[in-house]
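**Q** Handing you this structure, nothing more for now.
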Amino acid sequence: MPRPELTRAARPSTVSIAATNERGERAATPIAAEYALTIYLDKREIVTLMTMAAAPEALVLGYLRNQRLIEDIGEIAAVQVDWETDAAAVTTRGGAHDVAALMQRRTVTTGCGQGTMFGDLLHSVEQARLPEAGRLACSTLLRLLDNVRQHDSVYKQAGAVHGCALADGEGNILLFVEDVGRHNAVDAIAGTMWLEEITGTDKIFYTTGRLTSEMVIKAAQMGIPFLVSRSGLTQMGYEIAQRLGLTMIGRAHGGRYLLYTGEQRFVRDQLDA
């Protein structure tokens with residue numbers, strides 16, 4: 001399968017400003033960077049995302065994939081990010097299909113930095129098939145949480161960002177992305193998985209953000225059966241996860257967690273205390 005031509009236009013994740021602390025001392029302080037990036041698909045404006053721009057090309061790919069604007073990465077000839085124009089130009093090999101119809105049908109969501117879902121994602125997610133055989137042990141979950149805790153992150157320096165991680169079946173972090181919106185971070189990981197042909201069937205997805213319907217849908221679209229968050233969940237997120245049989249764990253922090261759905265895949269081994 002031909003790979004798209006990509007720029008490498010990542011920007012610094014933090015910028016430094018002067019701030020005054022509680023003692024009246026003025027000092028340089030890192031804060032999270034934020035940029036507007038407008039995606040053009042075959043010269044048609046699609047959306048403007050507010051992003052930290054740590055992985056802009058992967059973000060664009062993941063957005064197109066998760067919104068189902070492009071079904072096959074082989075259709076994409078190039079993704080060119082230009083910060084002089086704050087634009088990402090996506091060129092397809094044969095022209096994108098049905099974009100106008102998809103853009104007319106959008107659902108406002110809770111997503112930070114996005115807020116829309118194209119097409120019939122809420123309905124088509126029912127077609128997702130998650131593997132039944134996979135298991136997640138409590139010891140693996142706790143190992144993942146410890147790995148996330150120790151991971152070097154912009155959040156530790158500056159706060160104000162969400163982080164997402166893709167982990168293997170042993171809880172080892174394979175990909176870690178932070179952005180100003182949790183859905184941007186998800187999409188950047190989805191884009192990398194798409195580009196590198198990484199399957200999700202034996203993976204665990206971790207997010208610092210809440211588990212909404214859109215987060216559950218995106219995990220299912222990536223074929224990932226395990227979704228973990230340090231935050232809570234929404235009613236629709238819970239209902240969709242139940243229907244899909246997705247194993248969803250929230251409030252996961254410091255050795256504590258709540259198992260919401262998919263208990264059939266969860267194994268309470270000797271480290272479960």
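Residues are named by chain letter and number: chains run A, B, ... in the order of the structure tokens, numbers start at 1 in each chain, and ligands are numbered from 1 in the order shown.
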Just asking: which residues within range 28-198 of chain A are strand (DSSP E or B) according to DSSP, as a count of residues only?

**A** 54

**Q** Need the shell around Gly169 in chain A: protein/DNA/RNA residues with any atom at most 9 Å away, counting only C-alpha atoms. Skip same-chain ones fewer than 4 positions apart. Format as a list in words?

**A**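 Within the cut-off, the hits are Gly134, Arg135, Leu136, Thr140, Asp202, Lys203 and Ile204 of chain A.
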
**Q** I need the chosen residues saved as a PDB file, in the first residue's frame, with C-alpha atoms.

**A**
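Saved as selection36.pdb:
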ATOM      1  CA  GLY A 134      -8.381 -10.809  24.923  1.00  0.00           C
ATOM      2  CA  ARG A 135      -7.978 -10.425  28.683  1.00  0.00           C
ATOM      3  CA  LEU A 136      -6.769  -7.557  30.863  1.00  0.00           C
ATOM      4  CA  THR A 140      -1.307  -5.231  33.881  1.00  0.00           C
ATOM      5  CA  ASP A 202      -4.314  -6.676  21.585  1.00  0.00           C
ATOM      6  CA  LYS A 203      -3.829  -3.110  22.817  1.00  0.00           C
ATOM      7  CA  ILE A 204      -4.962  -0.963  25.758  1.00  0.00           C
TER       8      ILE A 204
END

**Q** Would you kindly return, as a VMD selection string, each protein, DNA or RNA residue with an atom no farther than 12 Å from any atom of Ser229 in chain A, considering only C-alpha atoms and excluding same-chain residues fewer than 3 positions away?

**A** chain A and resid 141 144 to 145 148 162 to 165 182 204 to 212 215 to 216 226 232 to 233 247 to 253 256 to 260

**Q** Selection from above, N, CA and C atoms, as a short mmCIF file (atom, residue, chain, number, x, y, z; two decimals), in the first residue's frame, can you write it?

**A**
data_model
loop_
_atom_site.label_atom_id
_atom_site.label_comp_id
_atom_site.auth_asym_id
_atom_site.auth_seq_id
_atom_site.Cartn_x
_atom_site.Cartn_y
_atom_site.Cartn_z
N LEU A 141 -3.09 -3.67 34.40
CA LEU A 141 -3.67 -2.34 34.55
C LEU A 141 -2.83 -1.48 35.49
N LEU A 144 0.37 -0.42 33.85
CA LEU A 144 0.13 0.67 32.90
C LEU A 144 0.00 2.00 33.63
N LEU A 145 -0.79 2.03 34.70
CA LEU A 145 -0.99 3.27 35.44
C LEU A 145 0.33 3.79 36.00
N VAL A 148 2.35 5.27 33.10
CA VAL A 148 1.84 6.60 32.75
C VAL A 148 2.30 7.63 33.78
N HIS A 162 -4.32 17.34 27.82
CA HIS A 162 -4.75 15.97 28.01
C HIS A 162 -3.72 15.05 27.38
N GLY A 163 -3.58 13.85 27.94
CA GLY A 163 -2.66 12.87 27.40
C GLY A 163 -3.37 11.57 27.06
N CYS A 164 -2.91 10.89 26.03
CA CYS A 164 -3.43 9.58 25.65
C CYS A 164 -2.25 8.66 25.38
N ALA A 165 -2.42 7.39 25.73
CA ALA A 165 -1.36 6.42 25.50
C ALA A 165 -1.93 5.16 24.88
N ARG A 182 -8.51 16.33 24.39
CA ARG A 182 -8.28 14.89 24.46
C ARG A 182 -8.55 14.20 23.14
N ILE A 204 -4.22 -1.68 24.72
CA ILE A 204 -4.96 -0.96 25.76
C ILE A 204 -4.84 0.53 25.45
N PHE A 205 -5.96 1.25 25.55
CA PHE A 205 -5.93 2.69 25.31
C PHE A 205 -6.17 3.41 26.63
N TYR A 206 -5.29 4.36 26.94
CA TYR A 206 -5.39 5.14 28.17
C TYR A 206 -5.61 6.61 27.82
N THR A 207 -6.48 7.28 28.55
CA THR A 207 -6.69 8.71 28.37
C THR A 207 -6.87 9.39 29.72
N THR A 208 -6.43 10.64 29.79
CA THR A 208 -6.68 11.42 30.99
C THR A 208 -8.07 12.04 30.97
N GLY A 209 -8.72 12.02 29.82
CA GLY A 209 -10.02 12.67 29.65
C GLY A 209 -11.18 11.78 30.05
N ARG A 210 -12.35 12.39 30.14
CA ARG A 210 -13.55 11.65 30.50
C ARG A 210 -13.97 10.72 29.37
N LEU A 211 -14.70 9.69 29.74
CA LEU A 211 -15.10 8.65 28.79
C LEU A 211 -16.49 8.97 28.25
N THR A 212 -16.52 9.76 27.19
CA THR A 212 -17.77 10.14 26.54
C THR A 212 -18.09 9.16 25.43
N MET A 215 -15.39 9.17 22.75
CA MET A 215 -14.18 8.45 23.12
C MET A 215 -14.36 6.95 22.94
N VAL A 216 -15.52 6.44 23.35
CA VAL A 216 -15.81 5.02 23.19
C VAL A 216 -15.86 4.64 21.72
N PHE A 226 -9.92 -2.41 25.20
CA PHE A 226 -9.73 -1.95 26.58
C PHE A 226 -9.52 -0.43 26.59
N GLY A 232 -13.89 10.15 34.84
CA GLY A 232 -15.14 9.40 34.89
C GLY A 232 -15.74 9.20 33.51
N LEU A 233 -17.04 8.93 33.47
CA LEU A 233 -17.70 8.62 32.20
C LEU A 233 -19.05 9.31 32.13
N THR A 247 -14.39 -3.22 27.28
CA THR A 247 -14.02 -3.18 28.69
C THR A 247 -13.56 -1.77 29.03
N MET A 248 -14.34 -1.08 29.87
CA MET A 248 -14.08 0.32 30.17
C MET A 248 -13.85 0.51 31.67
N ILE A 249 -12.72 1.16 31.97
CA ILE A 249 -12.30 1.37 33.35
C ILE A 249 -12.05 2.84 33.56
N GLY A 250 -12.63 3.41 34.60
CA GLY A 250 -12.46 4.83 34.91
C GLY A 250 -11.98 5.05 36.32
N ARG A 251 -11.72 6.34 36.62
CA ARG A 251 -11.21 6.74 37.94
C ARG A 251 -9.97 5.92 38.31
N ALA A 252 -9.16 5.63 37.30
CA ALA A 252 -7.99 4.76 37.48
C ALA A 252 -6.78 5.62 37.83
N HIS A 253 -6.41 5.58 39.10
CA HIS A 253 -5.31 6.43 39.55
C HIS A 253 -4.86 5.95 40.93
N ARG A 256 -6.24 2.63 42.37
CA ARG A 256 -7.69 2.50 42.46
C ARG A 256 -8.30 2.57 41.07
N TYR A 257 -9.47 1.97 40.90
CA TYR A 257 -10.15 2.01 39.62
C TYR A 257 -11.60 1.59 39.80
N LEU A 258 -12.41 1.90 38.80
CA LEU A 258 -13.79 1.43 38.73
C LEU A 258 -13.98 0.73 37.39
N LEU A 259 -14.36 -0.54 37.43
CA LEU A 259 -14.63 -1.31 36.22
C LEU A 259 -16.10 -1.13 35.86
N TYR A 260 -16.36 -0.44 34.75
CA TYR A 260 -17.73 -0.09 34.37
C TYR A 260 -18.38 -1.14 33.48
#

**Q** According to DSSP computed on the backbone, where in range 59-222 of chain A is there alpha helix (DSSP H)? Give the residues as a ChimeraX atom specification.

**A** /A:59-66,99-104,121-124,138-150,154-158,182-196,213-221

**Q** In Å, with one decimal, what is the gap from CA of Asn184 in chain A to CA of Glu57 in chain A?

**A**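 Separating CA of Asn184 in chain A from CA of Glu57 in chain A is a distance of 11.4 Å.
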